[in-house]
Amino acid sequence: MMALEFEGEAMELNTYRVAIIGAGNIAGSHLEAMRAMSSPDRLTPCAIADVNSARADALAGKYGIRSYIDYKEMLAKEKPDIAIVTLPHYLHREASLFAAEQGCHILLEKPMALNTKECDEIIAAVRRNRVRMMVGHTHHYTAENREAKSWIASGRLGKLVMMNDRRHLPYDTPARPGWFFEKAKAGGGILTNLGSHSIDKLQWLTDSRVTGIKARVDYSLRRGDVEGGGTAFLDLSSGVPATISQSGYPGAIVDETELLFTGGSLLLRSGIGLWAGDGREYREVPVPPQAPPFVLQFEDLLGAIEEGREPESSMAYSRSVVAAVESLYRSSELGTEVAVDQGGGANERG
């Protein structure tokens with residue numbers, strides 16, 4: 001416990017020891033976010049594990065924590081309160097199940113798992129062991145996204161009638177690890193990795209779920225057995241239709257979401273800015289300053305642990321994103337629209 005002064009009185013706050021499973025780039029972001037919290041002693045990193053011992057040692061040395069090669073040994077010895085899982089997609093299930101069995105609360109990087117079956121196994125283990133899990137859908141905590149969502153709720157541009165999300169960037173780069181190009185390990189290509197972000201953003205902005213998808217996936221990447229791009233039309237439970245267009249082939253880099261209303265439009269570039277237009281041209285919208293997304297994500301997780309509630313990126317919500325991605329591929333295979341069965345799997349529509 002730690003004490004803080006609050007309106008002249010000492011207030012006790014819970015403190016938590018945190019271990020990180022996986023020492024890739026995202027692990028550093030989590031470690032920096034712990035340092036940047038308004039009460040940095042709330043979360044104390046204690047150890048990091050990675051099969052690449054040099055990578056684990058480098059981060060451990062920088063942040064003054066212990067390093068391990070085997071994450072199971074780390075969790076058994078360190079007994080942390082929270083485990084952060086930053087492993088390749090195909091290892092999410094195994095690591096989450098083990099962490100839950102050790103009694104750890106879990107912050108799991110997206111996507112939640114390779115498929116909804118694995119998601120259901122993780123959900124059962126978390127509930128059985130009475131711990132909390134958050135999945136790292138960081139778009140919920142980005143300042144520009146939050147401001148765009150407030151504009152939608154305000155109705156100042158009228159009724160939201162459609163959304164178009166575009167993401168284009170070279171996907172096959174030397175910096176991208178090889179497992180990203182193996183479907184059995186990654187779950188898919190750009191539409192799994194970046195498409196999860198797009199589906200999450202569209203659902204979250206409208207407080208809804210994807211109910212149906214018609215998609216066309218392109219496999220011209222010529223590396224591994226994953227796709228290099230695709231387009232999808234999404235039906236959302238809110239009644240607002242949306243499109244996703246993603247290309248991992250060479251070309252201009254684009255990352256934007258356009259929201260079209262009866263009285264204007266918004267252009268959202270997450271992490272960059274927000275623009276509004278009710279005439280011929282867009283004008284930039286002031287975005288209120290806030291804490292970094294990874295800090296807000298930690299604050300949400302702590303609230304879920306201490307208040308006995310689900311975090312914003314709950315297990316059920318995160319499963320819905322995986323279900324939509326599964327349906328996207330299924331639609332392309334069948335050449336028809338499919339319904340997203342949020343209770344498990346995708347079913348072809350009549």
# chains A, B, ... in the order shown; residues from 1 in each chain; ligands from 1
$ select_by_dssp --residues "stretch 77-209 of chain A" --states "helix (DSSP H, G or I)" --output "number ranges by chain"
A: 77-78, 89-101, 116-128, 138-141, 143-154, 178-181, 183-186, 190-193, 195-205
$ residues_around --residues "A:Leu236" --least-positions-apart "5" --cutoff "7 Å" --atoms "only C-alpha atoms" --output "list in words"
Ser208, Arg209, Val210, Thr211 and Pro241 of chain A
$ residues_around --residues "A:Ser67" --least-positions-apart "5" --cutoff "7 Å" --atoms "only C-alpha atoms" --output "PyMOL selection string"
chain A and resi 47-49+56-57+60
$ residues_around --residues "A:Leu97" --least-positions-apart "5" --cutoff "10 Å" --atoms "only C-alpha atoms" --output "list in words"
His92, Gln102, Ile106, Glu121, Ile122, Ile123, Ala124, Ala125, Val126 and Asn129 of chain A
$ write_last_selection --atoms "all heavy atoms" --output "short mmCIF file (atom, residue, chain, number, x, y, z; two decimals), in the first residue's frame"
data_model
loop_
_atom_site.label_atom_id
_atom_site.label_comp_id
_atom_site.auth_asym_id
_atom_site.auth_seq_id
_atom_site.Cartn_x
_atom_site.Cartn_y
_atom_site.Cartn_z
N HIS A 92 -0.78 -16.52 -27.33
CA HIS A 92 -1.66 -15.80 -26.40
C HIS A 92 -2.45 -16.75 -25.51
O HIS A 92 -2.59 -16.52 -24.31
CB HIS A 92 -2.62 -14.89 -27.18
CG HIS A 92 -1.97 -13.66 -27.70
ND1 HIS A 92 -2.68 -12.60 -28.23
CD2 HIS A 92 -0.65 -13.29 -27.78
CE1 HIS A 92 -1.84 -11.66 -28.61
NE2 HIS A 92 -0.60 -12.06 -28.35
N GLN A 102 -1.94 -18.99 -12.29
CA GLN A 102 -1.03 -18.50 -11.26
C GLN A 102 -1.67 -17.39 -10.42
O GLN A 102 -1.04 -16.84 -9.51
CB GLN A 102 0.26 -17.96 -11.90
CG GLN A 102 1.06 -19.01 -12.65
CD GLN A 102 1.54 -20.13 -11.75
OE1 GLN A 102 2.21 -19.88 -10.76
NE2 GLN A 102 1.20 -21.36 -12.10
N ILE A 106 -4.41 -10.00 -15.91
CA ILE A 106 -3.72 -10.09 -17.20
C ILE A 106 -4.05 -8.90 -18.10
O ILE A 106 -5.21 -8.53 -18.26
CB ILE A 106 -4.11 -11.39 -17.93
CG1 ILE A 106 -3.82 -12.61 -17.06
CG2 ILE A 106 -3.38 -11.50 -19.27
CD1 ILE A 106 -4.51 -13.87 -17.53
N GLU A 121 -11.72 -20.36 -24.36
CA GLU A 121 -10.89 -21.06 -23.38
C GLU A 121 -10.25 -20.07 -22.41
O GLU A 121 -10.18 -20.34 -21.20
CB GLU A 121 -9.82 -21.88 -24.09
CG GLU A 121 -10.33 -23.06 -24.89
CD GLU A 121 -9.21 -23.83 -25.53
OE1 GLU A 121 -8.39 -24.41 -24.80
OE2 GLU A 121 -9.14 -23.85 -26.77
N ILE A 122 -9.79 -18.94 -22.93
CA ILE A 122 -9.17 -17.92 -22.08
C ILE A 122 -10.21 -17.35 -21.12
O ILE A 122 -9.95 -17.19 -19.92
CB ILE A 122 -8.55 -16.81 -22.95
CG1 ILE A 122 -7.35 -17.35 -23.74
CG2 ILE A 122 -8.12 -15.62 -22.08
CD1 ILE A 122 -6.82 -16.37 -24.78
N ILE A 123 -11.38 -17.03 -21.64
CA ILE A 123 -12.45 -16.46 -20.81
C ILE A 123 -12.79 -17.41 -19.66
O ILE A 123 -12.93 -16.99 -18.51
CB ILE A 123 -13.69 -16.16 -21.67
CG1 ILE A 123 -13.40 -14.99 -22.62
CG2 ILE A 123 -14.89 -15.83 -20.79
CD1 ILE A 123 -14.46 -14.76 -23.67
N ALA A 124 -12.92 -18.70 -19.98
CA ALA A 124 -13.26 -19.69 -18.94
C ALA A 124 -12.18 -19.75 -17.87
O ALA A 124 -12.49 -19.82 -16.67
CB ALA A 124 -13.46 -21.06 -19.59
N ALA A 125 -10.91 -19.71 -18.27
CA ALA A 125 -9.81 -19.78 -17.31
C ALA A 125 -9.75 -18.55 -16.42
O ALA A 125 -9.51 -18.65 -15.21
CB ALA A 125 -8.48 -19.96 -18.04
N VAL A 126 -9.95 -17.39 -17.00
CA VAL A 126 -9.94 -16.14 -16.22
C VAL A 126 -11.05 -16.14 -15.20
O VAL A 126 -10.85 -15.80 -14.02
CB VAL A 126 -10.04 -14.93 -17.17
CG1 VAL A 126 -10.31 -13.64 -16.39
CG2 VAL A 126 -8.75 -14.77 -17.98
N ASN A 129 -10.45 -18.70 -12.31
CA ASN A 129 -9.42 -18.31 -11.35
C ASN A 129 -9.69 -16.95 -10.70
O ASN A 129 -8.84 -16.45 -9.95
CB ASN A 129 -8.05 -18.31 -12.04
CG ASN A 129 -7.58 -19.72 -12.36
OD1 ASN A 129 -7.09 -20.43 -11.49
ND2 ASN A 129 -7.73 -20.14 -13.62
#
$ closest_residue --among "A:Ala324, A:Met37, A:Ile84, A:Leu114" --to "A:Ala100" --atoms "only C-alpha atoms"
A:Ile84
$ residues_around --residues "A:Ile253" --least-positions-apart "6" --cutoff "8 Å" --atoms "only C-alpha atoms" --output "list in words"
Arg167, His168, Leu169 and Pro170 of chain A
$ residues_around --residues "A:His30" --least-positions-apart "5" --cutoff "12 Å" --atoms "only C-alpha atoms" --output "number ranges by chain"
A: 18-25, 35-37, 43-45, 48, 59, 63, 83-86, 107-109, 136, 138, 292-298
$ write_last_selection --atoms "N, CA and C atoms" --output "compact mmCIF listing (two decimals), in the first residue's frame"
# COMPACT_ATOMS: atom_id res chain seq x y z
N VAL A 18 4.38 -6.14 -11.38
CA VAL A 18 4.04 -6.47 -12.77
C VAL A 18 5.18 -7.21 -13.44
N ALA A 19 4.87 -8.31 -14.12
CA ALA A 19 5.84 -9.05 -14.92
C ALA A 19 5.40 -9.02 -16.37
N ILE A 20 6.37 -8.94 -17.27
CA ILE A 20 6.08 -8.85 -18.70
C ILE A 20 6.56 -10.10 -19.41
N ILE A 21 5.66 -10.68 -20.19
CA ILE A 21 5.97 -11.88 -20.97
C ILE A 21 6.18 -11.46 -22.42
N GLY A 22 7.44 -11.43 -22.84
CA GLY A 22 7.78 -10.97 -24.19
C GLY A 22 8.49 -9.64 -24.13
N ALA A 23 9.65 -9.53 -24.78
CA ALA A 23 10.47 -8.32 -24.68
C ALA A 23 10.60 -7.60 -26.02
N GLY A 24 9.55 -7.64 -26.84
CA GLY A 24 9.55 -6.90 -28.09
C GLY A 24 9.36 -5.41 -27.86
N ASN A 25 9.14 -4.67 -28.95
CA ASN A 25 9.03 -3.20 -28.86
C ASN A 25 7.91 -2.76 -27.93
N ARG A 35 6.14 4.20 -15.72
CA ARG A 35 6.91 5.33 -15.18
C ARG A 35 6.12 6.64 -15.28
N ALA A 36 5.27 6.74 -16.32
CA ALA A 36 4.59 8.00 -16.60
C ALA A 36 3.28 8.17 -15.84
N MET A 37 2.87 7.17 -15.08
CA MET A 37 1.61 7.28 -14.34
C MET A 37 1.69 8.36 -13.28
N LEU A 43 2.27 0.78 -9.92
CA LEU A 43 2.69 -0.38 -10.71
C LEU A 43 4.20 -0.46 -10.69
N THR A 44 4.73 -1.57 -10.21
CA THR A 44 6.18 -1.75 -10.13
C THR A 44 6.59 -2.94 -10.97
N PRO A 45 7.29 -2.72 -12.08
CA PRO A 45 7.76 -3.86 -12.87
C PRO A 45 8.81 -4.63 -12.09
N ILE A 48 10.99 -9.53 -16.57
CA ILE A 48 10.59 -9.68 -17.96
C ILE A 48 11.18 -10.97 -18.50
N LEU A 59 16.25 -4.94 -21.75
CA LEU A 59 15.18 -4.20 -21.09
C LEU A 59 15.29 -4.31 -19.58
N TYR A 63 15.61 -1.01 -17.01
CA TYR A 63 14.57 -0.68 -16.03
C TYR A 63 14.83 -1.27 -14.64
N ALA A 83 0.27 -9.83 -14.99
CA ALA A 83 1.14 -10.29 -16.07
C ALA A 83 0.71 -9.60 -17.36
N ILE A 84 1.68 -9.04 -18.07
CA ILE A 84 1.42 -8.42 -19.37
C ILE A 84 1.94 -9.37 -20.44
N VAL A 85 1.05 -9.80 -21.34
CA VAL A 85 1.40 -10.78 -22.37
C VAL A 85 1.59 -10.05 -23.70
N THR A 86 2.83 -10.05 -24.20
CA THR A 86 3.15 -9.36 -25.45
C THR A 86 3.77 -10.32 -26.47
N LEU A 107 -3.01 -8.31 -18.67
CA LEU A 107 -3.14 -7.37 -19.78
C LEU A 107 -2.58 -8.08 -21.00
N LEU A 108 -3.45 -8.40 -21.95
CA LEU A 108 -3.09 -9.19 -23.11
C LEU A 108 -3.12 -8.32 -24.36
N GLU A 109 -2.03 -8.30 -25.10
CA GLU A 109 -2.02 -7.53 -26.34
C GLU A 109 -3.02 -8.13 -27.34
N GLY A 136 -5.48 -5.35 -25.02
CA GLY A 136 -4.90 -4.05 -25.36
C GLY A 136 -5.41 -3.41 -26.64
N THR A 138 -5.87 -0.29 -27.78
CA THR A 138 -5.48 1.05 -27.34
C THR A 138 -6.24 2.18 -28.02
N PRO A 292 -1.06 9.72 -21.82
CA PRO A 292 -0.80 8.81 -22.95
C PRO A 292 -1.74 7.60 -22.90
N PRO A 293 -2.10 7.05 -24.08
CA PRO A 293 -3.03 5.91 -24.13
C PRO A 293 -2.63 4.73 -23.25
N PHE A 294 -1.34 4.39 -23.20
CA PHE A 294 -0.92 3.24 -22.41
C PHE A 294 -1.10 3.51 -20.91
N VAL A 295 -0.98 4.76 -20.49
CA VAL A 295 -1.22 5.12 -19.10
C VAL A 295 -2.71 4.98 -18.78
N LEU A 296 -3.56 5.50 -19.67
CA LEU A 296 -5.01 5.39 -19.46
C LEU A 296 -5.46 3.93 -19.47
N GLN A 297 -4.80 3.13 -20.26
CA GLN A 297 -5.11 1.70 -20.30
C GLN A 297 -4.81 1.05 -18.95
N PHE A 298 -3.67 1.38 -18.37
CA PHE A 298 -3.33 0.86 -17.04
C PHE A 298 -4.33 1.33 -15.99
$ select_by_dssp --residues "stretch 122-217 of chain A" --states "strand (DSSP E)" --output "list of chain:residue names"
A:Met133, A:Met134, A:Val135, A:Gly136, A:Leu160, A:Val161, A:Met162, A:Met163, A:Asn164, A:Asp165, A:Arg166, A:Arg167, A:His168, A:Val210, A:Thr211, A:Gly212, A:Ile213, A:Lys214, A:Ala215, A:Arg216, A:Val217
$ residues_around --residues "A:Thr192" --least-positions-apart "6" --cutoff "9 Å" --atoms "only C-alpha atoms" --output "list in words"
Pro111, Ala186, Val322, Val325 and Glu326 of chain A
$ atom_distance --atom1 "atom CA of A:Arg132" --atom2 "atom CA of A:Gly271"
27.7 Å
